[in-house]
Structure formats: C-alpha cells, structure tokens
>>> print(open('work04.csv').read())   # CSV, C-alpha atoms and all ligand atoms
chain,number,residue,atom,x,y,z
A,17,MET,CA,19.8,-7.4,-14.3
A,18,LYS,CA,16.1,-7.4,-13.5
A,19,THR,CA,14.4,-7.6,-10.1
A,20,ARG,CA,12.4,-10.7,-9.2
A,21,ILE,CA,10.2,-11.2,-6.2
A,22,THR,CA,11.3,-14.5,-4.7
A,23,GLY,CA,9.3,-14.5,-1.5
A,24,THR,CA,6.3,-12.9,0.2
A,25,GLY,CA,5.1,-12.5,3.7
A,26,SER,CA,2.4,-10.7,5.6
A,27,TYR,CA,1.1,-10.0,9.1
A,28,LEU,CA,-2.4,-8.9,10.0
A,29,PRO,CA,-3.3,-8.1,13.6
A,30,GLU,CA,-5.9,-10.4,15.2
A,31,LYS,CA,-8.4,-7.8,16.3
A,32,ILE,CA,-11.2,-7.5,13.7
A,33,ILE,CA,-13.7,-4.7,13.6
A,34,SER,CA,-16.8,-5.3,11.4
A,35,ASN,CA,-18.9,-2.6,9.7
A,36,GLU,CA,-21.7,-3.5,12.2
A,37,GLU,CA,-19.4,-2.9,15.2
A,38,LEU,CA,-18.3,0.5,13.7
A,39,ALA,CA,-22.0,1.5,13.3
A,40,GLN,CA,-22.3,1.2,17.1
A,41,TRP,CA,-20.2,4.4,17.6
A,42,VAL,CA,-20.4,6.4,14.4
A,43,ASP,CA,-23.5,7.2,12.4
A,44,THR,CA,-22.9,4.7,9.5
A,45,SER,CA,-24.1,1.3,8.4
A,46,ASP,CA,-22.8,-1.9,6.8
A,47,GLU,CA,-25.0,-1.1,3.8
A,48,TRP,CA,-23.4,2.4,3.3
A,49,ILE,CA,-19.8,1.2,3.7
A,50,SER,CA,-20.2,-1.9,1.6
A,51,THR,CA,-21.9,-0.3,-1.4
A,52,ARG,CA,-19.6,2.8,-1.4
A,53,THR,CA,-16.3,1.0,-0.8
A,54,GLY,CA,-16.6,-2.9,-0.7
A,55,ILE,CA,-15.1,-2.9,2.8
A,56,LYS,CA,-16.8,-5.3,5.3
A,57,LYS,CA,-14.2,-5.4,8.1
A,58,ARG,CA,-10.7,-4.3,9.0
A,59,ARG,CA,-7.9,-5.4,11.3
A,60,ILE,CA,-6.8,-3.1,14.1
A,61,ALA,CA,-3.4,-3.3,15.8
A,62,ALA,CA,-4.1,-3.8,19.5
A,63,GLY,CA,-0.6,-3.5,21.0
A,64,GLU,CA,1.4,-4.4,17.9
A,65,THR,CA,3.5,-1.5,16.5
A,66,ALA,CA,4.2,-0.8,12.8
A,67,GLY,CA,7.8,-2.1,13.4
A,68,GLU,CA,6.7,-5.3,15.0
A,69,MET,CA,4.2,-6.1,12.3
A,70,ALA,CA,6.9,-5.2,9.7
A,71,ALA,CA,9.4,-7.6,11.3
A,72,ARG,CA,6.8,-10.5,11.3
A,73,ALA,CA,5.9,-10.0,7.7
A,74,ALA,CA,9.6,-9.7,6.8
A,75,LYS,CA,10.5,-13.0,8.6
A,76,ARG,CA,7.7,-14.8,6.6
A,77,ALA,CA,8.9,-13.3,3.3
A,78,LEU,CA,12.5,-14.5,4.0
A,79,GLU,CA,11.3,-18.0,4.9
A,80,ASN,CA,9.2,-18.1,1.8
A,81,SER,CA,12.1,-17.0,-0.4
A,82,GLY,CA,14.6,-19.3,1.3
A,83,THR,CA,16.8,-16.3,2.0
A,84,SER,CA,18.7,-15.8,5.3
A,85,SER,CA,18.5,-12.5,7.0
A,86,GLU,CA,22.3,-12.1,6.8
A,87,GLN,CA,22.1,-12.2,3.0
A,88,ILE,CA,19.8,-9.1,2.8
A,89,GLN,CA,21.8,-6.1,1.7
A,90,MET,CA,19.2,-3.4,2.0
A,91,ILE,CA,15.8,-3.0,3.8
A,92,ILE,CA,13.3,-0.4,2.6
A,93,VAL,CA,10.2,0.1,4.7
A,94,ALA,CA,7.3,2.0,3.1
A,95,THR,CA,5.0,3.6,5.7
A,96,CYS,CA,3.1,6.7,6.6
A,97,SER,CA,2.2,5.7,10.1
A,98,LYS,CA,5.4,5.1,12.0
A,99,GLU,CA,5.2,5.9,15.7
A,100,GLN,CA,8.6,7.7,16.0
A,101,CYS,CA,10.7,10.1,13.9
A,102,PHE,CA,13.8,7.9,14.4
A,103,PRO,CA,15.3,5.4,14.4
A,104,SER,CA,13.6,4.4,11.2
A,105,LEU,CA,11.3,1.4,11.0
A,106,ALA,CA,13.8,-0.2,8.6
A,107,CYS,CA,16.5,-0.1,11.3
A,108,GLN,CA,14.0,-1.7,13.8
A,109,VAL,CA,13.3,-4.4,11.3
A,110,GLN,CA,17.0,-4.9,10.7
A,111,LYS,CA,17.5,-5.4,14.4
A,112,ALA,CA,14.5,-7.7,14.8
A,113,ILE,CA,15.4,-10.1,12.0
A,114,GLY,CA,19.2,-9.9,12.4
A,115,ALA,CA,19.9,-8.5,8.9
A,116,VAL,CA,23.4,-7.4,10.1
A,117,SER,CA,24.7,-6.7,6.6
A,118,ALA,CA,21.8,-4.5,5.4
A,119,ALA,CA,21.6,-0.8,4.9
A,120,ALA,CA,18.1,0.4,6.0
A,121,PHE,CA,15.8,3.3,5.4
A,122,ASP,CA,12.1,4.3,5.4
A,123,LEU,CA,10.3,5.7,2.4
A,124,SER,CA,7.3,7.9,2.5
A,125,ALA,CA,4.9,7.9,-0.4
A,126,ALA,CA,1.6,7.0,1.4
A,127,CYS,CA,-0.4,4.4,-0.5
A,128,SER,CA,2.1,4.4,-3.4
A,129,GLY,CA,4.9,3.6,-0.9
A,130,PHE,CA,5.2,-0.1,-1.8
A,131,LEU,CA,5.5,0.7,-5.6
A,132,TYR,CA,8.0,3.5,-4.9
A,133,ALA,CA,10.0,1.1,-2.7
A,134,LEU,CA,10.0,-1.7,-5.3
A,135,ASN,CA,11.1,0.7,-8.0
A,136,THR,CA,13.9,2.1,-5.8
A,137,ALA,CA,15.0,-1.5,-5.0
A,138,HIS,CA,15.0,-2.2,-8.7
A,139,ALA,CA,17.2,0.8,-9.4
A,140,TYR,CA,19.8,-0.5,-7.0
A,141,ILE,CA,19.7,-4.0,-8.4
A,142,ARG,CA,19.8,-2.7,-12.0
A,143,ALA,CA,22.8,-0.6,-11.2
A,144,GLY,CA,24.6,-3.7,-9.8
A,145,ILE,CA,24.9,-2.3,-6.3
A,146,TYR,CA,22.8,-4.9,-4.5
A,147,GLU,CA,21.4,-8.4,-5.2
A,148,LYS,CA,19.0,-9.0,-2.4
A,149,ILE,CA,16.7,-6.4,-0.9
A,150,LEU,CA,13.9,-6.7,1.6
A,151,ILE,CA,10.9,-4.4,1.0
A,152,VAL,CA,8.2,-4.0,3.6
A,153,GLY,CA,4.9,-2.0,3.7
A,154,THR,CA,3.6,-1.5,7.2
A,155,GLU,CA,0.8,0.7,8.6
A,156,VAL,CA,-1.0,1.4,11.8
A,157,LEU,CA,-3.5,3.7,10.2
A,158,SER,CA,-5.9,3.2,13.2
A,159,ASP,CA,-3.5,5.7,15.0
A,160,LEU,CA,-4.1,8.3,12.3
A,161,VAL,CA,-7.8,8.0,12.0
A,162,ASP,CA,-10.4,10.2,13.9
A,163,TRP,CA,-12.7,7.4,15.1
A,164,THR,CA,-15.6,9.9,15.3
A,165,ASP,CA,-15.3,11.0,11.7
A,166,ARG,CA,-17.5,8.6,9.7
A,167,SER,CA,-16.2,9.9,6.3
A,168,THR,CA,-12.7,8.5,7.0
A,169,CYS,CA,-12.7,6.0,9.8
A,170,VAL,CA,-14.7,3.4,7.9
A,171,LEU,CA,-12.0,3.2,5.2
A,172,PHE,CA,-8.7,2.1,6.8
A,173,GLY,CA,-7.1,-0.8,8.5
A,174,ASP,CA,-3.7,-2.0,9.9
A,175,GLY,CA,-1.3,-4.6,8.6
A,176,ALA,CA,2.1,-5.3,7.0
A,177,GLY,CA,3.3,-7.1,3.9
A,178,ALA,CA,6.8,-7.8,2.7
A,179,VAL,CA,8.7,-9.2,-0.3
A,180,VAL,CA,12.3,-10.3,-1.0
A,181,ALA,CA,13.5,-8.8,-4.3
A,182,GLU,CA,16.5,-10.3,-6.0
A,183,ALA,CA,18.7,-9.8,-9.0
A,184,SER,CA,17.6,-12.2,-11.8
A,185,GLU,CA,17.5,-12.6,-15.5
A,186,GLU,CA,13.6,-12.3,-15.4
A,187,GLY,CA,11.6,-9.9,-13.2
A,188,MET,CA,10.8,-6.2,-13.4
A,189,ASP,CA,10.1,-5.4,-17.1
A,190,GLY,CA,9.3,-1.7,-16.6
A,191,PHE,CA,7.9,0.9,-14.3
A,192,VAL,CA,6.5,4.5,-14.1
A,193,GLN,CA,6.1,6.7,-11.1
A,194,TYR,CA,4.6,10.1,-10.6
A,195,ALA,CA,3.8,12.8,-8.1
A,196,ASP,CA,1.7,16.0,-8.1
A,197,GLY,CA,2.4,18.0,-5.0
A,198,SER,CA,0.1,20.8,-6.1
A,199,LYS,CA,-2.9,18.4,-5.2
A,200,GLY,CA,-1.5,17.5,-1.8
A,201,GLU,CA,-4.3,19.1,0.1
A,202,VAL,CA,-6.8,16.5,-1.3
A,203,LEU,CA,-5.5,13.9,1.2
A,204,THR,CA,-3.5,14.9,4.3
A,205,CYS,CA,-2.5,13.9,7.8
A,206,LYS,CA,-0.5,16.8,9.2
A,207,GLY,CA,0.6,15.1,12.4
A,208,ARG,CA,0.7,16.2,15.9
A,209,SER,CA,1.0,20.0,16.2
A,210,ARG,CA,3.9,21.3,18.2
A,211,LYS,CA,4.7,24.7,19.5
A,212,LYS,CA,7.7,26.0,17.7
A,213,PHE,CA,10.5,26.9,20.1
A,214,PHE,CA,11.7,30.0,18.2
A,215,GLN,CA,8.2,31.2,17.3
A,216,ASP,CA,5.8,33.2,19.6
A,217,GLY,CA,2.1,32.7,19.8
A,218,GLU,CA,-0.2,29.8,19.5
A,219,GLU,CA,0.6,26.2,18.6
A,220,ASP,CA,0.8,25.9,14.8
A,221,GLY,CA,-1.9,23.6,13.5
A,222,LYS,CA,-5.2,22.6,15.0
A,223,PRO,CA,-5.8,19.3,16.7
A,224,GLU,CA,-8.0,18.0,13.8
A,225,ASP,CA,-4.9,18.3,11.6
A,226,SER,CA,-3.5,15.3,13.4
A,227,TYR,CA,-5.9,13.0,11.7
A,228,ILE,CA,-6.4,11.8,8.1
A,229,SER,CA,-8.5,14.3,6.2
A,230,MET,CA,-9.7,13.6,2.7
A,231,ASN,CA,-11.7,14.9,-0.2
A,232,GLY,CA,-13.1,11.5,-1.1
A,233,GLN,CA,-14.5,12.5,-4.5
A,234,GLU,CA,-11.3,14.2,-5.6
A,235,VAL,CA,-9.3,11.1,-4.6
A,236,PHE,CA,-11.8,8.9,-6.5
A,237,LYS,CA,-11.5,11.0,-9.7
A,238,PHE,CA,-7.7,11.1,-9.4
A,239,ALA,CA,-7.4,7.3,-9.0
A,240,VAL,CA,-9.8,6.3,-11.8
A,241,LYS,CA,-8.0,8.7,-14.2
A,242,LYS,CA,-4.3,8.2,-13.3
A,243,VAL,CA,-4.2,4.5,-12.6
A,244,PRO,CA,-5.4,3.3,-16.0
A,245,GLU,CA,-3.1,5.9,-17.6
A,246,CYS,CA,0.0,4.7,-15.9
A,247,ILE,CA,-0.9,1.1,-16.5
A,248,GLU,CA,-1.3,1.8,-20.2
A,249,GLN,CA,2.1,3.6,-20.1
A,250,VAL,CA,3.9,0.6,-18.5
A,251,LEU,CA,2.3,-1.7,-21.1
A,252,GLU,CA,3.6,0.6,-23.9
A,253,GLN,CA,7.0,0.9,-22.3
A,254,THR,CA,7.4,-2.9,-22.1
A,255,GLY,CA,5.6,-3.8,-25.4
A,256,TYR,CA,3.2,-6.3,-23.7
A,257,GLU,CA,-0.4,-6.6,-24.8
A,258,LYS,CA,-3.0,-6.5,-22.0
A,259,GLU,CA,-4.0,-10.1,-23.0
A,260,LYS,CA,-0.6,-11.3,-21.7
A,261,ILE,CA,-1.3,-9.9,-18.2
A,262,ARG,CA,-2.3,-12.6,-15.7
A,263,TRP,CA,-3.1,-10.3,-12.7
A,264,TYR,CA,-3.5,-6.6,-11.9
A,265,PHE,CA,-2.6,-6.0,-8.2
A,266,LEU,CA,-4.0,-2.6,-7.4
A,267,HIS,CA,-3.8,-0.7,-4.1
A,268,GLN,CA,-6.8,-1.9,-2.1
A,269,ALA,CA,-8.6,1.4,-1.4
A,270,ASN,CA,-12.0,0.9,-2.7
A,271,SER,CA,-13.7,-1.8,-4.9
A,272,ARG,CA,-15.4,0.8,-7.0
A,273,ILE,CA,-12.1,2.4,-7.9
A,274,ILE,CA,-10.7,-1.1,-8.9
A,275,ARG,CA,-13.8,-2.0,-10.9
A,276,SER,CA,-13.7,1.3,-12.7
A,277,VAL,CA,-10.0,0.9,-13.6
A,278,ALA,CA,-10.8,-2.6,-15.0
A,279,LYS,CA,-13.6,-1.1,-17.1
A,280,ARG,CA,-11.5,1.7,-18.4
A,281,LEU,CA,-8.8,-0.8,-19.4
A,282,GLU,CA,-11.4,-3.1,-20.9
A,283,GLU,CA,-10.1,-6.0,-18.9
A,284,PRO,CA,-12.2,-8.5,-16.9
A,285,GLU,CA,-12.7,-7.8,-13.2
A,286,GLU,CA,-11.5,-11.3,-12.4
A,287,LYS,CA,-7.9,-10.2,-13.3
A,288,PHE,CA,-8.1,-7.7,-10.4
A,289,PRO,CA,-7.9,-9.7,-7.1
A,290,MET,CA,-9.2,-7.9,-4.0
A,291,ASN,CA,-9.0,-8.4,-0.3
A,292,LEU,CA,-10.1,-4.9,0.8
A,293,MET,CA,-13.4,-6.5,2.0
A,294,GLU,CA,-11.4,-8.2,4.8
A,295,TYR,CA,-8.8,-5.6,5.6
A,296,GLY,CA,-9.9,-2.1,4.4
A,297,ASN,CA,-7.3,0.2,3.0
A,298,THR,CA,-3.9,-0.6,4.6
A,299,SER,CA,-2.0,2.0,2.5
A,300,ALA,CA,1.6,0.9,1.7
A,301,ALA,CA,0.9,-2.6,3.1
A,302,SER,CA,-2.1,-3.4,0.8
A,303,ILE,CA,-0.2,-4.6,-2.3
A,304,PRO,CA,2.3,-6.8,-0.5
A,305,ILE,CA,-0.4,-8.3,1.7
A,306,LEU,CA,-2.4,-9.2,-1.4
A,307,LEU,CA,0.7,-10.6,-3.2
A,308,ASP,CA,1.4,-12.8,-0.2
A,309,GLU,CA,-2.2,-14.1,-0.1
A,310,MET,CA,-2.2,-14.9,-3.8
A,311,ASN,CA,1.3,-16.4,-3.7
A,312,ARG,CA,0.4,-18.7,-0.8
A,313,LYS,CA,-2.8,-19.8,-2.5
A,314,GLY,CA,-0.7,-20.9,-5.5
A,315,GLU,CA,-2.3,-18.3,-7.8
A,316,LEU,CA,1.1,-16.9,-8.8
A,317,VAL,CA,3.1,-19.0,-11.2
A,318,ARG,CA,6.6,-18.3,-12.3
A,319,GLY,CA,6.5,-16.6,-15.7
A,320,ASP,CA,3.1,-14.9,-15.1
A,321,LYS,CA,3.1,-11.3,-16.2
A,322,VAL,CA,1.6,-9.1,-13.5
A,323,ILE,CA,1.0,-5.4,-13.1
A,324,LEU,CA,1.2,-3.6,-9.8
A,325,SER,CA,-0.2,-0.1,-9.3
A,326,GLY,CA,-0.3,2.1,-6.3
A,327,PHE,CA,-2.0,5.6,-5.8
A,328,GLY,CA,-2.4,7.9,-2.9
A,329,ALA,CA,-1.5,10.9,-0.9
A,330,GLY,CA,1.1,13.3,-2.3
A,331,LEU,CA,-0.6,12.9,-4.7
A,332,THR,CA,1.5,10.0,-5.9
A,333,TRP,CA,0.9,7.1,-8.3
A,334,ALA,CA,3.0,4.4,-9.9
A,335,ALA,CA,2.8,1.1,-11.8
A,336,ALA,CA,5.2,-1.7,-12.5
A,337,LEU,CA,5.1,-4.7,-14.9
A,338,LEU,CA,6.8,-7.8,-13.6
A,339,THR,CA,7.5,-11.3,-14.7
A,340,TRP,CA,6.7,-13.4,-11.5
A,401,LIG,N1,-21.7,6.4,6.6
A,401,LIG,C1,-22.9,7.0,6.2
A,401,LIG,N2,-22.9,8.1,5.6
A,401,LIG,C2,-21.7,8.7,5.2
A,401,LIG,C3,-20.5,8.1,5.6
A,401,LIG,C4,-20.5,6.9,6.3
A,401,LIG,N3,-19.4,6.3,6.7
A,401,LIG,N4,-19.5,8.9,5.2
A,401,LIG,C5,-20.1,9.9,4.5
A,401,LIG,N5,-21.4,9.8,4.6
A,401,LIG,C6,-22.4,10.7,4.1
A,401,LIG,C7,-21.9,12.1,3.9
A,401,LIG,O1,-22.1,12.8,5.1
A,401,LIG,C8,-22.9,12.6,2.8
A,401,LIG,O2,-24.1,12.9,3.4
A,401,LIG,P1,-25.0,14.2,2.9
A,401,LIG,O3,-25.3,13.9,1.5
A,401,LIG,O4,-26.1,14.2,3.8
A,401,LIG,O5,-24.1,15.4,3.1
A,401,LIG,C9,-23.1,11.4,1.9
A,401,LIG,O6,-22.7,10.3,2.7
A,401,LIG,C10,-22.3,11.4,0.7
A,401,LIG,O7,-20.9,11.7,1.0
A,401,LIG,P2,-19.8,11.7,0.0
A,401,LIG,O8,-18.5,12.0,0.6
A,401,LIG,O9,-20.2,12.5,-1.2
A,401,LIG,O10,-19.8,10.2,-0.4
A,401,LIG,P3,-19.2,9.5,-1.7
A,401,LIG,O11,-20.3,8.8,-2.5
A,401,LIG,O12,-18.2,10.3,-2.4
A,401,LIG,O13,-18.4,8.3,-1.0
A,401,LIG,C11,-16.1,7.7,-0.5
A,401,LIG,C12,-17.3,8.6,-0.1
A,401,LIG,C13,-16.5,6.3,-0.2
A,401,LIG,C14,-15.0,8.1,0.4
A,401,LIG,C15,-15.8,8.0,-2.0
A,401,LIG,O14,-15.6,9.4,-2.2
A,401,LIG,C16,-14.6,7.3,-2.4
A,401,LIG,O15,-14.6,6.1,-2.6
A,401,LIG,N6,-13.5,8.0,-2.6
A,401,LIG,C17,-12.2,7.4,-2.9
A,401,LIG,C18,-11.3,7.7,-1.8
A,401,LIG,C19,-10.7,6.5,-1.2
A,401,LIG,O16,-10.9,5.4,-1.4
A,401,LIG,N7,-9.8,6.9,-0.3
A,401,LIG,C20,-9.1,6.0,0.5
A,401,LIG,C21,-7.9,6.6,1.0
A,401,LIG,S1,-7.0,7.3,-0.3
A,401,LIG,C22,-6.1,6.2,-1.0
A,401,LIG,O17,-5.9,5.1,-0.5
A,401,LIG,C23,-5.6,6.5,-2.3
>>> encode(input="work04.csv", output="structure tokens", more="lines below")
Ligand code: ACO
Amino acid sequence: MKTRITGTGSYLPEKIISNEELAQWVDTSDEWISTRTGIKKRRIAAGETAGEMAARAAKRALENSGTSSEQIQMIIVATCSKEQCFPSLACQVQKAIGAVSAAAFDLSAACSGFLYALNTAHAYIRAGIYEKILIVGTEVLSDLVDWTDRSTCVLFGDGAGAVVAEASEEGMDGFVQYADGSKGEVLTCKGRSRKKFFQDGEEDGKPEDSYISMNGQEVFKFAVKKVPECIEQVLEQTGYEKEKIRWYFLHQANSRIIRSVAKRLEEPEEKFPMNLMEYGNTSAASIPILLDEMNRKGELVRGDKVILSGFGAGLTWAAALLTW
C-alpha cells in the first residue's frame, strides 16, 4: 500500500507584520530583507496557541478530504514551538477535533518535521497498521525569536498546515531522510534555562540561549548542497525523470535557497511554488500550508508527480516523491 494525501488544510493568524513595520523597531529595511530572503511580511499569533492553530488546520484538512474525525487512527504533529512539555499537541488536536480513535504524538525535526512526519505516517500505512492518518505542522516561532535580533527576527512567522494521509494504490513513491547531529550548533533554540534541582551553582544556560540562534551562511550552504542531493536520490530511487515532476514543494525558508536548488537541479523556477513572501519561514508548517494553497487553487491534479523537501535544525533534511 502507498500513502496518498487526500485532503489539505491550513490556518494563518490574522495579525500581519510587514518588513516596514519591523524596521520601526530593529535596524533593518524592506530592501535588505526582500533581497536577502524574499520575505515581505509574516503572520504573528496574537492569542492563538500552536495547538489551536493545529486544530483549525486539521479540521479544514478533514473537511477537504471528506474524512470524519472518528475515522482518523493516528495524529502526528510536527512542531518545534509547542508551549508545554505535555500533554502533546497531538493529544490537544485529538481532543479539539474529537478524533476519539486516534493514537497521537508529536514529532520534533524542526523545519524537516513535516517530511519526517509524512514519512513516519507512510511507514505505518505501508506496514498495514493504519489506513487514515492526520499530519499537522504547527509553529508559533514568534515566541522563540528575539525581537531585538535583526539577524533572525526578520525570517520567521507563525501558522499551521495539515494533511490527511490515506492508504491507497497510488501515492508515496519513495522517500529519503537524514540527520547530522554533529552540525547541531549551526541552528539552535535551547529553551528556557532552569536551575537543576540536584546541581549547585548558577542556572545552566544564559537567557540568550532561549531564542533562535543561527549561523545563516552555514545554513545556506547546507541547504543548497543537501536539498538537491536528496531530491536527486529520491528521483533515482523511484526511477522518475525530472521532466515528469510537476511541482517541487520546498521548505519555505528563503527564496535564494529555493532558486539555487532549482538552478542546481537544472529545473525551471516556475516548478517551485513559493509563499514565503507572505508568511516568512513557518518551519514545520511551511510545506503543508503551501500544499493547501496550491490544492485550493486547483493547481494540484490527481496523478501529478510532486517532490517535497524539508531541511532545518538538527541538522535534518528529507525528500519524498508522491503521486498526488
Ligand atoms: N537587516 C539589515 N542588516 C542585517 C540584517 C537585517 N535584518 N541581518 C543582518 N544584517 C547585517 C549583518 O549585521 C551584516 O552586517 P556587517 O557586514 O556590517 O557585519 C550584514 O548584514 C551581512 O550579514 P550576513 O549574516 O553575512 O548576511 P547574509 O548575506 O548571510 O544573509 C541570511 C543572512 C539572509 C540569514 C542568509 O545567511 C541566509 O539566507 N541564510 C539561510 C538561513 C535561513 O534561511 N534560515 C532560516 C531558518 S533555518 C531553516 O529554516 C532551515
């Protein structure tokens, strides 16, 4: 059995912050942000939690696929910005949508989270364990960003995207996924520091560790090398020629990364849809939000071959080739 995406949904918070607005409190400009990243604005959760956004995106995906919440057998939520250690966001989504029969867990692979979750769902479906799985990517990265650090705060946004994945004759044709923990320090968010109960002395960690910290140029180099490599691998694994691929849905981090990947693959940029101009980098949510937009515009037709690729902290990266 293969894994087919039968429905998509997304939720974006209403609050919009443009580059011009950002430039009012950090030393930056629309010109710098646009030329370096392609980003023009981002959505910011003003009250909505990652769990609430996930549940809204999930309801829309269920509606779109014509699946009832009771039919869902497993929920995987990919996120790196949940507000609490437990219960998991997946359990919060289960409650909110009434998916009473579903097992539920969160998955942490940063900006590769949606791909890792999709590949995990596929493994369950291929093994014959489940037939209907809900996958959500949701992020409130505005909580993890130091809004006085111009090198990171201009890049990120909030939102959620979801898909229903079902067992089918057609669907996932192949995938690859990787991690390189030795490069973990390139992109980190160490979380709130806490004094350890059984350890004397100062709190471990400094306050600045609480925020996203990134070596932008290293991330750039990593992405433009590994993404084309893993896309080539998934093409080789499945035996499809690049000409057969209708769309490449890449993690929406930076338009320069996406253009560079297109160039390295010798594929036209038009095959690489982008919405990062509107939403910034929404980490695990970026690919399902983009899929939902393209699906609702009627740009995804049953039978289309599409490649998805995520890359991010860990470092982690992955690609999948699907028949839509
Ligand atoms: N506005 C104005 N100037 C800025 C800003 C800003 N927002 N941020 C940094 N600068 C300045 C720096 O201080 C530096 O000034 P200096 O030369 O006087 O020291 C100058 O701009 C150049 O800084 P660099 O960091 O070298 O800028 P670079 O050209 O590398 O662009 C960027 C930075 C956009 C982050 C780039 O490295 C990049 O695209 N990296 C990819 C990383 C990425 O997209 N990460 C997203 C998260 S990770 C993920 O999703 C996988």
>>> residues_near_point(input="work04.csv", point="(-3.6, -7.3, -10.0)", cutoff="12 Å", atoms="only C-alpha atoms", output="ChimeraX atom specification")
/A:247,261-268,274-275,277-278,283-291,302-304,306-307,310,315-316,320-326,335-338
>>> atom_distance(input="work04.csv", atom1="CA of Lys75 (chain A)", atom2="CA of Glu309 (chain A)")
15.4 Å
>>> residues_near_ligand(input="work04.csv", ligand="ligand LIG 401 (chain A)", cutoff="9 Å", atoms="all atoms listed in the file", output="ChimeraX atom specification")
/A:39,42-49,51-53,126-128,165-172,203,228,230-239,267-273,297-300,326-329,331-333
>>> closest_residue(input="work04.csv", among="A:Ser117, A:Thr65, A:Thr339, A:Asn135", to="Asp159 (chain A)", atoms="all atoms listed in the file")
A:Thr65
>>> atom_distance(input="work04.csv", atom1="CA of Val152 (chain A)", atom2="CA of Arg318 (chain A)")
21.4 Å
>>> atom_distance(input="work04.csv", atom1="CA of Ala70 (chain A)", atom2="CA of Tyr140 (chain A)")
21.6 Å
>>> residues_around(input="work04.csv", residues="Thr19 (chain A)", least_positions_apart="4", cutoff="7 Å", atoms="all atoms listed in the file", output="number ranges by chain")
A: 138, 141, 181-184, 187-188
>>> closest_residue(input="work04.csv", among="A:Ala143, A:Leu123, A:Val116, A:Gly255", to="Ala94 (chain A)", atoms="only C-alpha atoms")
A:Leu123
>>> residues_around(input="work04.csv", residues="Ala62 (chain A)", least_positions_apart="2", cutoff="12 Å", atoms="only C-alpha atoms", output="ChimeraX atom specification")
/A:28-33,59-60,64-66,68-69,156-159,173-175
>>> write_last_selection(input="work04.csv", atoms="C-alpha atoms", output="PDB file, in the coordinates of the input")
ATOM      1  CA  LEU A  28      -2.400  -8.900  10.000  1.00  0.00           C
ATOM      2  CA  PRO A  29      -3.300  -8.100  13.600  1.00  0.00           C
ATOM      3  CA  GLU A  30      -5.900 -10.400  15.200  1.00  0.00           C
ATOM      4  CA  LYS A  31      -8.400  -7.800  16.300  1.00  0.00           C
ATOM      5  CA  ILE A  32     -11.200  -7.500  13.700  1.00  0.00           C
ATOM      6  CA  ILE A  33     -13.700  -4.700  13.600  1.00  0.00           C
ATOM      7  CA  ARG A  59      -7.900  -5.400  11.300  1.00  0.00           C
ATOM      8  CA  ILE A  60      -6.800  -3.100  14.100  1.00  0.00           C
ATOM      9  CA  GLU A  64       1.400  -4.400  17.900  1.00  0.00           C
ATOM     10  CA  THR A  65       3.500  -1.500  16.500  1.00  0.00           C
ATOM     11  CA  ALA A  66       4.200  -0.800  12.800  1.00  0.00           C
ATOM     12  CA  GLU A  68       6.700  -5.300  15.000  1.00  0.00           C
ATOM     13  CA  MET A  69       4.200  -6.100  12.300  1.00  0.00           C
ATOM     14  CA  VAL A 156      -1.000   1.400  11.800  1.00  0.00           C
ATOM     15  CA  LEU A 157      -3.500   3.700  10.200  1.00  0.00           C
ATOM     16  CA  SER A 158      -5.900   3.200  13.200  1.00  0.00           C
ATOM     17  CA  ASP A 159      -3.500   5.700  15.000  1.00  0.00           C
ATOM     18  CA  GLY A 173      -7.100  -0.800   8.500  1.00  0.00           C
ATOM     19  CA  ASP A 174      -3.700  -2.000   9.900  1.00  0.00           C
ATOM     20  CA  GLY A 175      -1.300  -4.600   8.600  1.00  0.00           C
TER      21      GLY A 175
END
>>> closest_residue(input="work04.csv", among="A:Ser85, A:Lys241, A:Thr136, A:Ala178", to="Ala112 (chain A)", atoms="all atoms listed in the file")
A:Ser85
